[in-house]
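Heads up: the structure comes next, in structure tokens.
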Amino acid sequence: MSPRIALISATPAAIPPAVNALATGFPQAQPWNILDDRLLADVGEDGRTPALDDRMRRLIDYAVTGGADGVLLTCSLYGEVTKQVDAPVPLLAPDEAAFDDALSSGHSRILVVASLASALSDSTARFEQAARDKGITVEVGGVFAPDKLIETCRAHSGGWDLVLLAQYSLAPAAEELSSALGLPVVSGPRSAAARLKAVIGA
């Protein structure tokens, strides 16, 4: 049977990039979409709350008890919740594999791109922490691009040698952005699909 991969999303915009990445990078997988579209809307100025984290943990449990062979969270804001769960199947934070790919790329000047200010600050801070945890020295910059993604990134891309997309919703633009900037672009969905294939297989 095909491995069932539960994709837990906090916004509908993250679903197509995650599904498409599995279709390309792990075609044997069967995606199972689980959506709570209030998980982002209910986040206040103070960020996630214990109640919201508990909601995400219940969704993870629902996926596991429902027969998922692997679970991928697609919202970066909830990535830390994976550290609170001892799952019996592979459980990935949205950008865990992408962070590893960026840090193992050999590039030391990395530009994080997001279309939401909260996603930019959150992803940048967690990426810098991931680098410290691995003992890797990188220079990290950030670009807030709420619209005109390519134009905005082109204006800020000088001197950087790799782009890291902070949101799944930006993943469809990865190849066009890479071509426009002449830089490699790492996206969460593609890296996660490759990681899931490696740890689960068919």
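Scheme for the structure tokens: letters A, B, ... for chains in order shown; per-chain residue numbers from 1; ligand numbers from 1 in order shown.
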
Got a sec: who's within 9 Å of Leu149 (chain A), counting only C-alpha atoms, leaving out chain neighbours fewer than 6 positions off, as a CSV table (one decimal) with N, CA, C and O atoms, in the first residue's frame?
```
chain,number,residue,atom,x,y,z
A,113,VAL,N,12.8,34.7,2.9
A,113,VAL,CA,11.8,35.5,2.2
A,113,VAL,C,10.4,35.1,2.7
A,113,VAL,O,10.1,33.9,2.8
A,114,ALA,N,9.6,36.1,3.0
A,114,ALA,CA,8.2,35.8,3.5
A,114,ALA,C,7.3,36.9,3.0
A,114,ALA,O,7.7,38.1,2.8
A,115,SER,N,6.0,36.6,2.9
A,115,SER,CA,5.0,37.6,2.5
A,115,SER,C,4.2,38.0,3.7
A,115,SER,O,3.3,38.9,3.6
A,170,LEU,N,4.5,30.3,-0.7
A,170,LEU,CA,5.5,30.9,-1.7
A,170,LEU,C,6.2,29.8,-2.6
A,170,LEU,O,6.8,30.2,-3.6
A,173,ALA,N,6.5,29.6,-6.5
A,173,ALA,CA,7.3,30.6,-7.2
A,173,ALA,C,8.8,30.3,-7.1
A,173,ALA,O,9.6,31.0,-7.6
A,177,LEU,N,11.6,32.3,-9.2
A,177,LEU,CA,12.5,33.1,-8.4
A,177,LEU,C,13.9,32.8,-8.5
A,177,LEU,O,14.8,33.7,-8.6
```

Using only C-alpha atoms, what table do you get, as CSV, when you list each residue of region 19-134 of chain A with an atom no more than 7 Å from region 154-160 of chain A, its nearest pair of atoms, and their distance in Å rounded to one decimal, rows by chain then rising number?
```
residue,atom,partner,partner_atom,distance
A:Arg109,CA,A:Trp160,CA,5.1
A:Ile110,CA,A:Trp160,CA,5.9
A:Leu111,CA,A:Trp160,CA,6.3
```

Next, dump the selected residues to file, keeping only N, CA and C atoms, as a PDB file, in the first residue's frame.
```
ATOM      1  N   ARG A 109      25.626  32.880   3.196  1.00  0.00           N
ATOM      2  CA  ARG A 109      24.835  34.123   3.237  1.00  0.00           C
ATOM      3  C   ARG A 109      23.453  33.795   2.684  1.00  0.00           C
ATOM      4  N   ILE A 110      22.507  33.681   3.594  1.00  0.00           N
ATOM      5  CA  ILE A 110      21.191  33.132   3.258  1.00  0.00           C
ATOM      6  C   ILE A 110      20.107  34.168   3.501  1.00  0.00           C
ATOM      7  N   LEU A 111      19.264  34.347   2.490  1.00  0.00           N
ATOM      8  CA  LEU A 111      18.198  35.339   2.527  1.00  0.00           C
ATOM      9  C   LEU A 111      16.863  34.638   2.751  1.00  0.00           C
TER      10      LEU A 111
END
```

**Request:** Name the residues of chain A that come out as helix (DSSP H, G or I) in a backbone DSSP run; write them as an NGL selection string.
**Result:** :A and (12-25 or 50-65 or 76-84 or 96-103 or 117-134 or 149-156 or 168-181 or 188-200)

Could the residues of region 54-163 of chain A that have an atom at most 10 Å from region 6-27 of chain A be listed as CSV, each with its closest atom pair and the distance in Å to one decimal, counting only C-alpha atoms and ordered by chain and ascending residue number?
```
residue,atom,partner,partner_atom,distance
A:Met56,CA,A:Ile8,CA,8.5
A:Leu59,CA,A:Ile8,CA,7.4
A:Ile60,CA,A:Ile8,CA,7.6
A:Tyr62,CA,A:Ala6,CA,9.7
A:Ala63,CA,A:Ala6,CA,6.1
A:Val64,CA,A:Ala6,CA,8.3
A:Gly66,CA,A:Ala6,CA,9.2
A:Gly67,CA,A:Ala6,CA,9.0
A:Ala68,CA,A:Ala6,CA,5.8
A:Asp69,CA,A:Ala6,CA,7.8
A:Gly70,CA,A:Ala6,CA,6.3
A:Val71,CA,A:Ala6,CA,4.7
A:Leu72,CA,A:Leu7,CA,5.0
A:Leu73,CA,A:Ile8,CA,4.9
A:Thr74,CA,A:Ser9,CA,5.2
A:Cys75,CA,A:Ala10,CA,6.0
A:Ser76,CA,A:Ala10,CA,9.5
A:Leu77,CA,A:Ala10,CA,9.3
A:Tyr78,CA,A:Ala10,CA,8.9
A:Leu91,CA,A:Ala6,CA,9.5
A:Leu92,CA,A:Leu7,CA,9.9
A:Pro94,CA,A:Ile8,CA,9.7
```

Same residues, N, CA, C and O atoms, output as a PDB file, in the first residue's frame:
```pdb
ATOM      1  N   MET A  56      -3.274  21.766  18.005  1.00  0.00           N
ATOM      2  CA  MET A  56      -2.412  21.150  17.007  1.00  0.00           C
ATOM      3  C   MET A  56      -1.997  19.742  17.432  1.00  0.00           C
ATOM      4  O   MET A  56      -1.961  18.816  16.614  1.00  0.00           O
ATOM      5  N   LEU A  59      -4.677  17.394  16.585  1.00  0.00           N
ATOM      6  CA  LEU A  59      -4.722  17.102  15.153  1.00  0.00           C
ATOM      7  C   LEU A  59      -3.655  16.075  14.774  1.00  0.00           C
ATOM      8  O   LEU A  59      -3.885  15.184  13.952  1.00  0.00           O
ATOM      9  N   ILE A  60      -2.479  16.205  15.379  1.00  0.00           N
ATOM     10  CA  ILE A  60      -1.415  15.227  15.126  1.00  0.00           C
ATOM     11  C   ILE A  60      -1.860  13.844  15.599  1.00  0.00           C
ATOM     12  O   ILE A  60      -1.689  12.843  14.900  1.00  0.00           O
ATOM     13  N   TYR A  62      -4.900  12.804  15.905  1.00  0.00           N
ATOM     14  CA  TYR A  62      -5.955  12.367  14.978  1.00  0.00           C
ATOM     15  C   TYR A  62      -5.344  11.742  13.727  1.00  0.00           C
ATOM     16  O   TYR A  62      -5.802  10.698  13.250  1.00  0.00           O
ATOM     17  N   ALA A  63      -4.295  12.363  13.219  1.00  0.00           N
ATOM     18  CA  ALA A  63      -3.638  11.840  12.020  1.00  0.00           C
ATOM     19  C   ALA A  63      -2.999  10.485  12.294  1.00  0.00           C
ATOM     20  O   ALA A  63      -3.119   9.550  11.489  1.00  0.00           O
ATOM     21  N   VAL A  64      -2.322  10.378  13.433  1.00  0.00           N
ATOM     22  CA  VAL A  64      -1.629   9.126  13.761  1.00  0.00           C
ATOM     23  C   VAL A  64      -2.632   8.003  13.985  1.00  0.00           C
ATOM     24  O   VAL A  64      -2.476   6.894  13.451  1.00  0.00           O
ATOM     25  N   GLY A  66      -5.492   7.810  12.842  1.00  0.00           N
ATOM     26  CA  GLY A  66      -6.198   7.561  11.594  1.00  0.00           C
ATOM     27  C   GLY A  66      -5.391   6.771  10.585  1.00  0.00           C
ATOM     28  O   GLY A  66      -5.868   6.518   9.475  1.00  0.00           O
ATOM     29  N   GLY A  67      -4.175   6.405  10.947  1.00  0.00           N
ATOM     30  CA  GLY A  67      -3.389   5.536  10.090  1.00  0.00           C
ATOM     31  C   GLY A  67      -2.309   6.211   9.270  1.00  0.00           C
ATOM     32  O   GLY A  67      -1.778   5.602   8.330  1.00  0.00           O
ATOM     33  N   ALA A  68      -1.942   7.439   9.602  1.00  0.00           N
ATOM     34  CA  ALA A  68      -0.882   8.116   8.854  1.00  0.00           C
ATOM     35  C   ALA A  68       0.454   7.411   9.063  1.00  0.00           C
ATOM     36  O   ALA A  68       0.791   7.006  10.177  1.00  0.00           O
ATOM     37  N   ASP A  69       1.205   7.254   7.979  1.00  0.00           N
ATOM     38  CA  ASP A  69       2.554   6.695   8.054  1.00  0.00           C
ATOM     39  C   ASP A  69       3.596   7.778   8.284  1.00  0.00           C
ATOM     40  O   ASP A  69       4.756   7.492   8.582  1.00  0.00           O
ATOM     41  N   GLY A  70       3.191   9.020   8.117  1.00  0.00           N
ATOM     42  CA  GLY A  70       4.045  10.172   8.358  1.00  0.00           C
ATOM     43  C   GLY A  70       3.151  11.396   8.483  1.00  0.00           C
ATOM     44  O   GLY A  70       2.050  11.424   7.930  1.00  0.00           O
ATOM     45  N   VAL A  71       3.622  12.396   9.229  1.00  0.00           N
ATOM     46  CA  VAL A  71       2.844  13.626   9.436  1.00  0.00           C
ATOM     47  C   VAL A  71       3.739  14.817   9.145  1.00  0.00           C
ATOM     48  O   VAL A  71       4.870  14.904   9.643  1.00  0.00           O
ATOM     49  N   LEU A  72       3.212  15.744   8.353  1.00  0.00           N
ATOM     50  CA  LEU A  72       3.933  16.982   8.025  1.00  0.00           C
ATOM     51  C   LEU A  72       3.058  18.169   8.365  1.00  0.00           C
ATOM     52  O   LEU A  72       1.929  18.287   7.859  1.00  0.00           O
ATOM     53  N   LEU A  73       3.542  19.033   9.235  1.00  0.00           N
ATOM     54  CA  LEU A  73       2.848  20.293   9.496  1.00  0.00           C
ATOM     55  C   LEU A  73       3.256  21.271   8.401  1.00  0.00           C
ATOM     56  O   LEU A  73       4.429  21.355   8.059  1.00  0.00           O
ATOM     57  N   THR A  74       2.297  22.027   7.871  1.00  0.00           N
ATOM     58  CA  THR A  74       2.621  22.936   6.775  1.00  0.00           C
ATOM     59  C   THR A  74       2.658  24.396   7.199  1.00  0.00           C
ATOM     60  O   THR A  74       2.937  25.257   6.369  1.00  0.00           O
ATOM     61  N   CYS A  75       2.392  24.683   8.467  1.00  0.00           N
ATOM     62  CA  CYS A  75       2.419  26.073   8.955  1.00  0.00           C
ATOM     63  C   CYS A  75       3.631  26.275   9.854  1.00  0.00           C
ATOM     64  O   CYS A  75       3.735  25.647  10.912  1.00  0.00           O
ATOM     65  N   SER A  76       4.537  27.141   9.434  1.00  0.00           N
ATOM     66  CA  SER A  76       5.791  27.326  10.162  1.00  0.00           C
ATOM     67  C   SER A  76       5.571  27.788  11.598  1.00  0.00           C
ATOM     68  O   SER A  76       6.370  27.477  12.490  1.00  0.00           O
ATOM     69  N   LEU A  77       4.489  28.507  11.847  1.00  0.00           N
ATOM     70  CA  LEU A  77       4.236  29.033  13.180  1.00  0.00           C
ATOM     71  C   LEU A  77       4.071  27.918  14.212  1.00  0.00           C
ATOM     72  O   LEU A  77       4.348  28.099  15.392  1.00  0.00           O
ATOM     73  N   TYR A  78       3.636  26.754  13.761  1.00  0.00           N
ATOM     74  CA  TYR A  78       3.389  25.643  14.675  1.00  0.00           C
ATOM     75  C   TYR A  78       4.492  24.587  14.641  1.00  0.00           C
ATOM     76  O   TYR A  78       4.346  23.520  15.226  1.00  0.00           O
ATOM     77  N   LEU A  91       7.388  12.608  12.122  1.00  0.00           N
ATOM     78  CA  LEU A  91       6.636  13.853  12.291  1.00  0.00           C
ATOM     79  C   LEU A  91       7.577  15.004  11.978  1.00  0.00           C
ATOM     80  O   LEU A  91       8.580  15.182  12.666  1.00  0.00           O
ATOM     81  N   LEU A  92       7.246  15.782  10.941  1.00  0.00           N
ATOM     82  CA  LEU A  92       8.127  16.857  10.503  1.00  0.00           C
ATOM     83  C   LEU A  92       7.517  18.227  10.743  1.00  0.00           C
ATOM     84  O   LEU A  92       6.341  18.460  10.430  1.00  0.00           O
ATOM     85  N   PRO A  94       7.332  22.076   9.479  1.00  0.00           N
ATOM     86  CA  PRO A  94       7.241  22.510   8.081  1.00  0.00           C
ATOM     87  C   PRO A  94       8.590  22.744   7.406  1.00  0.00           C
ATOM     88  O   PRO A  94       8.791  22.352   6.258  1.00  0.00           O
TER      89      PRO A  94
END
```

**Asked** When you draw a straight line from CA of Ala93 (chain A) to CA of Ser191 (chain A), how long is it in Å?
**Response**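 Value for the CA of Ala93 (chain A)-CA of Ser191 (chain A) distance: 11.2 Å.
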
**Item:** DSSP strand (DSSP E) residues within region 75-128 of chain A, as a list in words
**Value:**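 Residues of region 75-128 of chain A classed as strand (DSSP E): Leu91, Leu92, Arg109, Ile110, Leu111, Val112, Val113 and Ala114 of chain A.
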
**Prompt:** Of the candidates A:Ala41, A:Ala98, A:Cys153, A:Ala193, which shows the shortest atom-to-atom distance to Arg126 (chain A), using only C-alpha atoms?
**Reply:**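 Closest candidate: A:Ala98.
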
**Prompt:** In terms of the shortest atom-to-atom distance over only C-alpha atoms, which of A:Ser2, A:Asn33, A:Ser123, A:Thr152 is closest to Glu80 (chain A)?
**Reply:** A:Ser123

**Asked** Contacts of region 184-188 of chain A at 8 Å or less, counting only C-alpha atoms, minus same-chain residues fewer than 2 places along, as a list in words?
**Response**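 My list of contacting residues is Pro94, Asp95, Glu96, Ala97, Ala98, Asp101, Ala102, Asp161, Leu162, Val163, Leu164, Leu165, Ala166, Gln167, Tyr168, Ala171, Ala174, Glu175, Leu177, Ser178, Gly182, Arg190, Ser191 and Ala192 of chain A.
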
How would the residues just chosen look if you wrote them out with N, CA and C atoms as a PDB file, in the first residue's frame?
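Ended up saving to out.pdb:
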```pdb
ATOM      1  N   PRO A  94       7.332  22.076   9.479  1.00  0.00           N
ATOM      2  CA  PRO A  94       7.241  22.510   8.081  1.00  0.00           C
ATOM      3  C   PRO A  94       8.590  22.744   7.406  1.00  0.00           C
ATOM      4  N   ASP A  95       9.500  23.395   8.116  1.00  0.00           N
ATOM      5  CA  ASP A  95      10.763  23.784   7.496  1.00  0.00           C
ATOM      6  C   ASP A  95      11.972  23.075   8.093  1.00  0.00           C
ATOM      7  N   GLU A  96      11.738  22.017   8.842  1.00  0.00           N
ATOM      8  CA  GLU A  96      12.847  21.265   9.437  1.00  0.00           C
ATOM      9  C   GLU A  96      13.813  20.769   8.370  1.00  0.00           C
ATOM     10  N   ALA A  97      13.276  20.134   7.335  1.00  0.00           N
ATOM     11  CA  ALA A  97      14.129  19.613   6.262  1.00  0.00           C
ATOM     12  C   ALA A  97      14.726  20.746   5.437  1.00  0.00           C
ATOM     13  N   ALA A  98      13.959  21.815   5.226  1.00  0.00           N
ATOM     14  CA  ALA A  98      14.465  22.961   4.460  1.00  0.00           C
ATOM     15  C   ALA A  98      15.628  23.631   5.185  1.00  0.00           C
ATOM     16  N   ASP A 101      18.586  21.475   4.660  1.00  0.00           N
ATOM     17  CA  ASP A 101      19.096  21.592   3.293  1.00  0.00           C
ATOM     18  C   ASP A 101      19.880  22.890   3.111  1.00  0.00           C
ATOM     19  N   ALA A 102      19.344  23.982   3.648  1.00  0.00           N
ATOM     20  CA  ALA A 102      20.027  25.272   3.510  1.00  0.00           C
ATOM     21  C   ALA A 102      21.361  25.276   4.255  1.00  0.00           C
ATOM     22  N   ASP A 161      23.706  34.343  -1.313  1.00  0.00           N
ATOM     23  CA  ASP A 161      24.003  33.228  -2.208  1.00  0.00           C
ATOM     24  C   ASP A 161      22.993  32.084  -2.154  1.00  0.00           C
ATOM     25  N   LEU A 162      21.942  32.209  -1.340  1.00  0.00           N
ATOM     26  CA  LEU A 162      20.858  31.226  -1.322  1.00  0.00           C
ATOM     27  C   LEU A 162      19.615  31.879  -0.745  1.00  0.00           C
ATOM     28  N   VAL A 163      18.460  31.498  -1.272  1.00  0.00           N
ATOM     29  CA  VAL A 163      17.182  32.017  -0.781  1.00  0.00           C
ATOM     30  C   VAL A 163      16.421  30.896  -0.093  1.00  0.00           C
ATOM     31  N   LEU A 164      15.887  31.189   1.081  1.00  0.00           N
ATOM     32  CA  LEU A 164      15.081  30.242   1.841  1.00  0.00           C
ATOM     33  C   LEU A 164      13.669  30.813   1.959  1.00  0.00           C
ATOM     34  N   LEU A 165      12.691  30.115   1.407  1.00  0.00           N
ATOM     35  CA  LEU A 165      11.304  30.582   1.463  1.00  0.00           C
ATOM     36  C   LEU A 165      10.684  30.198   2.798  1.00  0.00           C
ATOM     37  N   ALA A 166      10.093  31.178   3.470  1.00  0.00           N
ATOM     38  CA  ALA A 166       9.586  30.962   4.820  1.00  0.00           C
ATOM     39  C   ALA A 166       8.194  30.353   4.864  1.00  0.00           C
ATOM     40  N   GLN A 167       7.471  30.363   3.737  1.00  0.00           N
ATOM     41  CA  GLN A 167       6.090  29.894   3.748  1.00  0.00           C
ATOM     42  C   GLN A 167       5.839  28.906   2.611  1.00  0.00           C
ATOM     43  N   TYR A 168       4.976  27.940   2.897  1.00  0.00           N
ATOM     44  CA  TYR A 168       4.599  26.985   1.859  1.00  0.00           C
ATOM     45  C   TYR A 168       3.876  27.672   0.711  1.00  0.00           C
ATOM     46  N   ALA A 171       6.044  28.571  -2.219  1.00  0.00           N
ATOM     47  CA  ALA A 171       6.780  27.518  -2.910  1.00  0.00           C
ATOM     48  C   ALA A 171       6.524  27.452  -4.416  1.00  0.00           C
ATOM     49  N   ALA A 174       9.137  29.155  -6.517  1.00  0.00           N
ATOM     50  CA  ALA A 174      10.546  28.855  -6.258  1.00  0.00           C
ATOM     51  C   ALA A 174      11.395  28.818  -7.523  1.00  0.00           C
ATOM     52  N   GLU A 175      10.947  28.112  -8.546  1.00  0.00           N
ATOM     53  CA  GLU A 175      11.764  27.981  -9.755  1.00  0.00           C
ATOM     54  C   GLU A 175      11.881  29.306 -10.500  1.00  0.00           C
ATOM     55  N   LEU A 177      11.626  32.261  -9.201  1.00  0.00           N
ATOM     56  CA  LEU A 177      12.454  33.146  -8.380  1.00  0.00           C
ATOM     57  C   LEU A 177      13.927  32.791  -8.527  1.00  0.00           C
ATOM     58  N   SER A 178      14.242  31.506  -8.542  1.00  0.00           N
ATOM     59  CA  SER A 178      15.619  31.070  -8.707  1.00  0.00           C
ATOM     60  C   SER A 178      16.188  31.538 -10.048  1.00  0.00           C
ATOM     61  N   GLY A 182      19.106  34.153 -10.145  1.00  0.00           N
ATOM     62  CA  GLY A 182      20.335  33.409 -10.392  1.00  0.00           C
ATOM     63  C   GLY A 182      20.889  32.782  -9.131  1.00  0.00           C
ATOM     64  N   ARG A 190       9.275  21.042  -0.896  1.00  0.00           N
ATOM     65  CA  ARG A 190      10.166  20.174  -1.671  1.00  0.00           C
ATOM     66  C   ARG A 190      11.148  19.447  -0.749  1.00  0.00           C
ATOM     67  N   SER A 191      11.723  20.170   0.200  1.00  0.00           N
ATOM     68  CA  SER A 191      12.661  19.545   1.127  1.00  0.00           C
ATOM     69  C   SER A 191      11.965  18.504   1.999  1.00  0.00           C
ATOM     70  N   ALA A 192      10.741  18.821   2.441  1.00  0.00           N
ATOM     71  CA  ALA A 192       9.997  17.892   3.299  1.00  0.00           C
ATOM     72  C   ALA A 192       9.632  16.626   2.540  1.00  0.00           C
TER      73      ALA A 192
END
```

**Straight-line distance linking CA of Arg48 (chain A) with CA of Ala119 (chain A), stated in Å to one decimal** =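 Going from CA of Arg48 (chain A) over to CA of Ala119 (chain A), I get 12.6 Å.
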
**Residues within 12 Å of Asp133 (chain A), only C-alpha atoms, excluding chain neighbours under 6 positions, as a VMD selection string** = chain A and resid 99 to 100 103 126 to 127

What lies within 10 Å of Gly47 (chain A) using only C-alpha atoms, ignoring chain neighbours under 5 positions off, as a PDB file with N, CA and C atoms, in the first residue's frame?
```
ATOM      1  N   LEU A  40      -4.408  29.911  12.346  1.00  0.00           N
ATOM      2  CA  LEU A  40      -3.688  31.176  12.165  1.00  0.00           C
ATOM      3  C   LEU A  40      -4.541  32.355  12.606  1.00  0.00           C
ATOM      4  N   ASP A  42      -6.708  32.555  14.843  1.00  0.00           N
ATOM      5  CA  ASP A  42      -6.865  32.652  16.296  1.00  0.00           C
ATOM      6  C   ASP A  42      -5.590  33.048  17.027  1.00  0.00           C
ATOM      7  N   LEU A  52      -3.832  26.731  21.712  1.00  0.00           N
ATOM      8  CA  LEU A  52      -3.640  26.502  20.285  1.00  0.00           C
ATOM      9  C   LEU A  52      -2.665  25.350  20.043  1.00  0.00           C
ATOM     10  N   LEU A  77       4.489  28.507  11.847  1.00  0.00           N
ATOM     11  CA  LEU A  77       4.236  29.033  13.180  1.00  0.00           C
ATOM     12  C   LEU A  77       4.071  27.918  14.212  1.00  0.00           C
ATOM     13  N   SER A 118       4.996  38.346  10.303  1.00  0.00           N
ATOM     14  CA  SER A 118       5.124  37.400  11.412  1.00  0.00           C
ATOM     15  C   SER A 118       5.893  36.160  10.987  1.00  0.00           C
TER      16      SER A 118
END
```
